[in-house]
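Q: So that we are looking at the same thing, I have put the structure below in structure tokens.
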Amino acid sequence: MPHITFIHGIANKPPKDKLLRLWREALARDNGLDLGANGVSSSMVYWADVMYAAPQDEQAAYESLDEGRSPDVAAAAAEPEADTAWKSALPENEQRWLAQLETKIKIETEADTAATAAGAAAEPESAAAPKLERIWLPAPIKKKLMEDFLRDVHHYLFNVSYSPRPDDTYQVQDEIRQRMIAALAEGAKQDGPHIVVSHSMGTVISYDCLKRVAGCPRVDALVTLGSPLGLDEVQDGLKPEYNSHDGFPAANVATRWVNVFDHLDPVAGFDPYLANDYRRGGTKVVEDINEQNWGRWRHDITKYLRGAQLRAKLKELLQL
């Protein structure tokens, strides 16, 4: 039986089982790829509880998707304002690293402000869309989402000790790695093909495990959606195992790596192309696919999962 191991990205999430169901439903929507009907099993690598005190309410987070209310946006709106005090306590080298990353993903751009003021319609963009940021969200919600990303990626790459609740403390990278490896081991028990489908910060976690963790189970293919792996600062955090000449995780990815992005996705948009940075023996092998989403928040996983090109690639990789 073919199997997909999913791993989610930034912002708080509903409980694990509900999140998995919602991803499968998004993939099947509008005559898409129905995993159950095609005999494909799946699991979710869930790590939101490592960073958030309690799961997001499912209904509040996932209602009215067609009207532009994305789950990540709804989750951010429902959460308290991001705590940024942790930044000032960082060592000087980590503060410099974070400042450089923050500059690159800064979303309050002149193009964004002008587009908002003009009341531009949130319609699907063409494949030739320019590299302009144009996400029409209230500034506090934008800031909250991007602060979540900064905290998540820093705490993971630097393996910070973090307490989302009074009685729980995690070494962030160690804990999430353990969950990822366990999920990959379960997926490896299936007949295959076994595909990893990762989104957002989940792409950093999946790459880290497949490239840098000894004994990581081998998978047939890797799919990354809305990935920040093109950012220099993220790549610096993956060294010394990472280098651009042999960045492809060939030891644990048997065949292909498909990377899907939207140029207007603020997490991926600064440098969405990964083929040049993750070569195999100096050769470009990552398949970069620009598939534009629509609406107010282009980083939304439910929109990526509805993409025609992504669904076609998944069918191919799953040998359906």
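Residue numbers start at 1 in each chain; chains themselves are named A, B, ... in the order of the structure tokens; ligands are numbered from 1 in the order shown.
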Taking only C-alpha atoms into account, produce a table as a Markdown table in which each residue of segment 135-189 of chain A with an atom at most 12 Å from an atom of segment 258-267 of chain A appears once, together with its shortest atom pair and the distance in Å to one decimal, ordered by chain and rising number.

A:
```
| residue | atom | partner | partner_atom | distance |
| --- | --- | --- | --- | --- |
| A:Ile135 | CA | A:Leu264 | CA | 7.4 |
| A:Trp136 | CA | A:Leu264 | CA | 11.1 |
| A:Lys142 | CA | A:Pro266 | CA | 9.8 |
| A:Lys143 | CA | A:Pro266 | CA | 11.5 |
| A:Leu145 | CA | A:Val267 | CA | 9.9 |
| A:Met146 | CA | A:Val267 | CA | 8.1 |
| A:Glu147 | CA | A:Val267 | CA | 11.4 |
| A:Asp148 | CA | A:Val267 | CA | 11.3 |
| A:Phe149 | CA | A:Val267 | CA | 8.3 |
| A:Leu150 | CA | A:Val267 | CA | 10.2 |
| A:Val153 | CA | A:Val267 | CA | 11.4 |
```

Q: Write out as a PyMOL selection string the residues lying within 8 Å of Pro217 of chain A, counting only C-alpha atoms and excluding same-chain residues fewer than 4 positions away.

A: chain A and resi 181+184-185+188+210+252

Q: Keeping only all heavy atoms, write the selected residues as a JSON list (two decimals), in the first residue's frame.

A:
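The result, stored in selection_18.json:
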```json
[["chain", "number", "residue", "atom", "x", "y", "z"],
["A", 181, "ILE", "N", 11.18, 10.70, 13.01],
["A", 181, "ILE", "CA", 11.82, 9.41, 12.76],
["A", 181, "ILE", "C", 10.83, 8.28, 13.05],
["A", 181, "ILE", "O", 10.75, 7.29, 12.30],
["A", 181, "ILE", "CB", 13.09, 9.26, 13.61],
["A", 181, "ILE", "CG1", 14.12, 10.33, 13.24],
["A", 181, "ILE", "CG2", 13.68, 7.86, 13.43],
["A", 181, "ILE", "CD1", 14.51, 10.36, 11.78],
["A", 184, "LEU", "N", 8.37, 8.09, 10.16],
["A", 184, "LEU", "CA", 9.00, 7.53, 8.97],
["A", 184, "LEU", "C", 9.18, 6.02, 9.11],
["A", 184, "LEU", "O", 9.03, 5.27, 8.14],
["A", 184, "LEU", "CB", 10.34, 8.20, 8.71],
["A", 184, "LEU", "CG", 10.30, 9.68, 8.30],
["A", 184, "LEU", "CD1", 11.72, 10.21, 8.11],
["A", 184, "LEU", "CD2", 9.46, 9.89, 7.05],
["A", 185, "ALA", "N", 9.50, 5.57, 10.30],
["A", 185, "ALA", "CA", 9.66, 4.13, 10.54],
["A", 185, "ALA", "C", 8.34, 3.40, 10.34],
["A", 185, "ALA", "O", 8.31, 2.30, 9.77],
["A", 185, "ALA", "CB", 10.21, 3.89, 11.94],
["A", 188, "ALA", "N", 7.60, 3.23, 6.66],
["A", 188, "ALA", "CA", 8.48, 2.28, 5.97],
["A", 188, "ALA", "C", 7.97, 0.86, 6.04],
["A", 188, "ALA", "O", 8.39, 0.00, 5.24],
["A", 188, "ALA", "CB", 9.89, 2.36, 6.57],
["A", 210, "LEU", "N", 16.08, 13.82, 7.13],
["A", 210, "LEU", "CA", 16.51, 12.97, 6.01],
["A", 210, "LEU", "C", 17.98, 13.17, 5.67],
["A", 210, "LEU", "O", 18.64, 12.26, 5.16],
["A", 210, "LEU", "CB", 15.64, 13.26, 4.79],
["A", 210, "LEU", "CG", 14.18, 12.79, 4.90],
["A", 210, "LEU", "CD1", 13.33, 13.42, 3.79],
["A", 210, "LEU", "CD2", 14.09, 11.26, 4.83],
["A", 252, "ASN", "N", 18.85, 9.05, 1.94],
["A", 252, "ASN", "CA", 17.54, 8.69, 2.48],
["A", 252, "ASN", "C", 16.36, 9.06, 1.60],
["A", 252, "ASN", "O", 15.21, 8.83, 1.99],
["A", 252, "ASN", "CB", 17.37, 9.32, 3.86],
["A", 252, "ASN", "CG", 18.27, 8.68, 4.90],
["A", 252, "ASN", "OD1", 18.43, 7.47, 4.94],
["A", 252, "ASN", "ND2", 18.91, 9.51, 5.72]]
```

Q: With distances taken over only C-alpha atoms, which of A:Leu229, A:Met1, A:Ala11, A:Met51 is nearest to Asp208 of chain A?

A: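 Smallest distance to Asp208 of chain A is found for A:Leu229.
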
Q: Need to verify the contact set: Ala48 of chain A, 10 Å, only C-alpha atoms, exclusion of same-chain residues closer than 3 positions in sequence. Can you return it as a list of chain:residue names?

A: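 The contact residues come out as A:His8, A:Gly9, A:Ile10, A:Ala11, A:Asn12, A:Lys13, A:Pro14, A:Pro15, A:Lys16, A:Val45, A:Met51, A:Tyr52, A:Ala53, A:Ala54, A:Pro55, A:Gln56, A:Asp152, A:Pro164, A:Ile176.
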
Q: One decimal, Å: what's the distance from atom CA of Asn293 of chain A over to atom CA of Lys211 of chain A, could you say?

A: 29.1 Å

Q: Would you please work out which residue, of A:Ala221, A:Tyr304, A:Leu101, A:Val50, is nearest to Arg165 of chain A when using only C-alpha atoms?

A: A:Val50
